[in-house]
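Asker: Next comes the structure file run-v6.pdb, holding PDB, C-alpha atoms, pLDDT in the B column.
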```pdb
ATOM      1  CA  MET A  28      72.303 -28.254 -45.428  1.00 45.00           C
ATOM      2  CA  ASP A  29      70.637 -29.798 -48.469  1.00 56.00           C
ATOM      3  CA  GLU A  30      68.082 -27.901 -50.470  1.00 71.00           C
ATOM      4  CA  PHE A  31      64.494 -28.989 -49.834  1.00 79.00           C
ATOM      5  CA  LEU A  32      62.710 -26.686 -52.319  1.00 83.00           C
ATOM      6  CA  GLU A  33      63.771 -23.703 -54.434  1.00 85.00           C
ATOM      7  CA  LEU A  34      61.242 -20.869 -54.214  1.00 87.00           C
ATOM      8  CA  SER A  35      63.163 -18.504 -56.509  1.00 85.00           C
ATOM      9  CA  GLU A  36      66.688 -18.123 -57.840  1.00 82.00           C
ATOM     10  CA  ASP A  37      67.890 -16.641 -54.569  1.00 89.00           C
ATOM     11  CA  THR A  38      65.454 -18.062 -51.994  1.00 91.00           C
ATOM     12  CA  ILE A  39      65.280 -21.689 -50.902  1.00 92.00           C
ATOM     13  CA  ILE A  40      63.754 -23.814 -48.206  1.00 90.00           C
ATOM     14  CA  GLU A  41      66.740 -25.696 -46.838  1.00 91.00           C
ATOM     15  CA  ASP A  42      64.770 -28.026 -44.612  1.00 89.00           C
ATOM     16  CA  ALA A  43      61.241 -28.675 -43.396  1.00 86.00           C
ATOM     17  CA  GLU A  44      60.454 -30.310 -40.083  1.00 87.00           C
ATOM     18  CA  VAL A  45      57.108 -31.320 -38.621  1.00 85.00           C
ATOM     19  CA  THR A  46      56.677 -30.351 -34.976  1.00 86.00           C
ATOM     20  CA  PHE A  47      54.907 -32.362 -32.301  1.00 86.00           C
ATOM     21  CA  ILE A  48      51.997 -29.894 -32.395  1.00 86.00           C
ATOM     22  CA  GLY A  49      51.372 -30.430 -36.117  1.00 81.00           C
ATOM     23  CA  THR A  50      53.026 -27.352 -37.560  1.00 86.00           C
ATOM     24  CA  THR A  51      55.883 -27.364 -40.048  1.00 89.00           C
ATOM     25  CA  ARG A  52      59.042 -25.310 -39.564  1.00 92.00           C
ATOM     26  CA  LEU A  53      60.579 -24.166 -42.837  1.00 93.00           C
ATOM     27  CA  HIS A  54      64.244 -23.160 -42.732  1.00 93.00           C
ATOM     28  CA  ILE A  55      64.540 -20.352 -45.298  1.00 94.00           C
ATOM     29  CA  SER A  56      67.745 -18.965 -46.793  1.00 93.00           C
ATOM     30  CA  LYS A  57      68.201 -16.120 -49.250  1.00 91.00           C
ATOM     31  CA  THR A  58      71.427 -15.378 -51.101  1.00 90.00           C
ATOM     32  CA  ASP A  59      72.294 -11.719 -51.548  1.00 89.00           C
ATOM     33  CA  PRO A  60      73.939 -10.347 -54.707  1.00 89.00           C
ATOM     34  CA  ASP A  61      77.195  -9.911 -52.767  1.00 92.00           C
ATOM     35  CA  GLY A  62      77.213 -13.626 -51.896  1.00 88.00           C
ATOM     36  CA  GLY A  63      76.016 -13.306 -48.303  1.00 91.00           C
ATOM     37  CA  VAL A  64      73.291 -15.601 -47.023  1.00 92.00           C
ATOM     38  CA  ARG A  65      70.407 -14.563 -44.766  1.00 93.00           C
ATOM     39  CA  LYS A  66      68.423 -17.174 -42.849  1.00 94.00           C
ATOM     40  CA  ALA A  67      65.149 -17.372 -40.955  1.00 95.00           C
ATOM     41  CA  ILE A  68      62.498 -19.898 -39.941  1.00 95.00           C
ATOM     42  CA  CYS A  69      58.848 -19.750 -40.954  1.00 95.00           C
ATOM     43  CA  GLU A  70      56.331 -21.915 -39.111  1.00 93.00           C
ATOM     44  CA  VAL A  71      53.211 -22.832 -41.077  1.00 91.00           C
ATOM     45  CA  PRO A  72      50.288 -22.743 -40.922  1.00 88.00           C
ATOM     46  CA  GLY A  73      50.133 -19.311 -39.388  1.00 90.00           C
ATOM     47  CA  TYR A  74      53.273 -17.967 -41.066  1.00 94.00           C
ATOM     48  CA  LYS A  75      55.038 -17.204 -37.790  1.00 94.00           C
ATOM     49  CA  TRP A  76      58.614 -16.077 -38.412  1.00 96.00           C
ATOM     50  CA  GLU A  77      61.665 -16.513 -36.179  1.00 93.00           C
ATOM     51  CA  ALA A  78      65.067 -14.847 -36.618  1.00 88.00           C
ATOM     52  CA  ARG A  79      63.633 -12.693 -39.382  1.00 86.00           C
ATOM     53  CA  ASP A  80      65.612  -9.540 -38.596  1.00 83.00           C
ATOM     54  CA  ALA A  81      67.663  -9.865 -41.787  1.00 86.00           C
ATOM     55  CA  PHE A  82      64.499  -9.706 -43.935  1.00 90.00           C
ATOM     56  CA  SER A  83      62.353  -6.683 -44.713  1.00 92.00           C
ATOM     57  CA  GLN A  84      58.570  -6.910 -44.403  1.00 93.00           C
ATOM     58  CA  GLU A  85      58.338  -6.748 -48.207  1.00 93.00           C
ATOM     59  CA  GLU A  86      60.666  -9.768 -48.511  1.00 92.00           C
ATOM     60  CA  ILE A  87      58.675 -11.671 -45.864  1.00 94.00           C
ATOM     61  CA  ASP A  88      55.453 -10.959 -47.777  1.00 95.00           C
ATOM     62  CA  LYS A  89      56.991 -12.201 -51.047  1.00 92.00           C
ATOM     63  CA  ILE A  90      58.361 -15.357 -49.408  1.00 92.00           C
ATOM     64  CA  ASN A  91      54.982 -16.029 -47.748  1.00 94.00           C
ATOM     65  CA  ALA A  92      53.313 -15.751 -51.170  1.00 93.00           C
ATOM     66  CA  MET A  93      55.856 -18.162 -52.688  1.00 90.00           C
ATOM     67  CA  ILE A  94      55.305 -20.644 -49.847  1.00 90.00           C
ATOM     68  CA  LYS A  95      51.519 -20.436 -50.328  1.00 91.00           C
ATOM     69  CA  ASP A  96      51.980 -21.093 -54.074  1.00 89.00           C
ATOM     70  CA  GLN A  97      54.048 -24.203 -53.302  1.00 84.00           C
ATOM     71  CA  GLU A  98      52.126 -25.580 -50.293  1.00 83.00           C
ATOM     72  CA  LEU A  99      51.182 -28.833 -52.020  1.00 80.00           C
ATOM     73  CA  LEU A 100      54.811 -29.574 -52.918  1.00 77.00           C
ATOM     74  CA  ILE A 101      56.071 -28.556 -49.498  1.00 77.00           C
ATOM     75  CA  PHE A 102      53.624 -30.627 -47.503  1.00 73.00           C
ATOM     76  CA  SER A 103      53.755 -33.661 -49.793  1.00 71.00           C
ATOM     77  CA  GLY A 104      57.564 -33.598 -49.465  1.00 63.00           C
ATOM     78  CA  VAL A 105      57.375 -33.328 -45.671  1.00 62.00           C
ATOM     79  CA  ILE A 106      54.953 -36.246 -45.423  1.00 54.00           C
ATOM     80  CA  LEU A 107      56.976 -38.479 -47.741  1.00 48.00           C
TER
END
```
Can you dump the structure from the file as structure tokens?

Answerer:
Amino acid sequence: MDEFLELSEDTIIEDAEVTFIGTTRLHISKTDPDGGVRKAICEVPGYKWEARDAFSQEEIDKINAMIKDQELLIFSGVIL
């Protein structure tokens, strides 16, 4: 999958899709130091996470903060 937006060196949004109810589903991936990749989906607004078992609450909080910092870029890219 192509990269939509890099949040940090090891965390990217692979894809963003607008749902029929007006939310946006962000497909998140994080590369571990050993080369493994963990994935989850975050639906915004509301920051509802799916398949987040591979992420700690601390990681989720950091990713949420990064998404909030980049909201303008994320949503302008989804609309375009």

Asker: In Å, with one decimal, what is the gap from CA of Ile55 (chain A) to CA of Cys69 (chain A)?

Answerer: 7.2 Å

Asker: Could you work out how far CA of Asp37 (chain A) lies from CA of Lys57 (chain A), giving the answer in Å with one decimal?

Answerer: 5.4 Å

Asker: From (60.2, -19.1, -33.1), in the file's coordinates, out to 12 Å: which residues are reached, counting only C-alpha atoms? Answer as a PyMOL selection string.

Answerer: chain A and resi 46+50-54+67-71+73-79

Asker: Which residue gives the smallest distance to Ser35 (chain A) among A:Asp80, A:Thr58, A:Lys66, A:Ile101, with all atoms listed in the file counted?

Answerer: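 For Ser35 (chain A), the nearest of the given residues is A:Thr58.
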
Asker: Residues at most 7 Å from Leu34 (chain A), counting all atoms listed in the file, excluding those fewer than 3 positions away in the same chain, as an MDAnalysis selection string?

Answerer: chainID A and resid 38:39 93

Asker: Quick one, how far is CA of Ile87 (chain A) from CA of Glu36 (chain A)?

Answerer: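 Between CA of Ile87 (chain A) and CA of Glu36 (chain A) the gap is 15.8 Å.
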
Asker: Quick one: of A:Asp59, A:Asp88, A:Glu30, A:Asp96, who's nearest to Asp42 (chain A), counting all atoms listed in the file?

Answerer: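 Among the listed residues, the smallest separation from Asp42 (chain A) belongs to A:Glu30.
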
Asker: For Gly49 (chain A), which of A:Gln97, A:Phe82, A:Pro72, A:Ala92 is the closest residue, counting all atoms listed in the file?

Answerer: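 Among A:Gln97, A:Phe82, A:Pro72, A:Ala92, it is A:Pro72 that comes nearest to Gly49 (chain A).
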
Asker: Can you work out which one of A:Ala81, A:Val64, A:Val45, A:Ile40 has the shortest atom-to-atom distance to Ile94 (chain A), counting only C-alpha atoms?

Answerer: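 Checking each of A:Ala81, A:Val64, A:Val45, A:Ile40 against Ile94 (chain A), counting only C-alpha atoms, the winner is A:Ile40.
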
Asker: Hey, could you pull the box centre and edge lengths for region 70-87 of chain A, axis-aligned, 8 Å padding per side, all listed atoms, to one decimal in Å, as lines of an AutoDock Vina configuration file?

Answerer:
```
center_x = 58.9
center_y = -14.8
center_z = -42.3
size_x = 33.5
size_y = 32.1
size_z = 28.3
```

Asker: Go through A:Phe47, A:Ser83, A:Arg65, A:Ile90 one by one, measure the shortest atom-to-atom distance of each to Glu33 (chain A) using all atoms listed in the file, and give the residue with the smallest value.

Answerer: A:Ile90
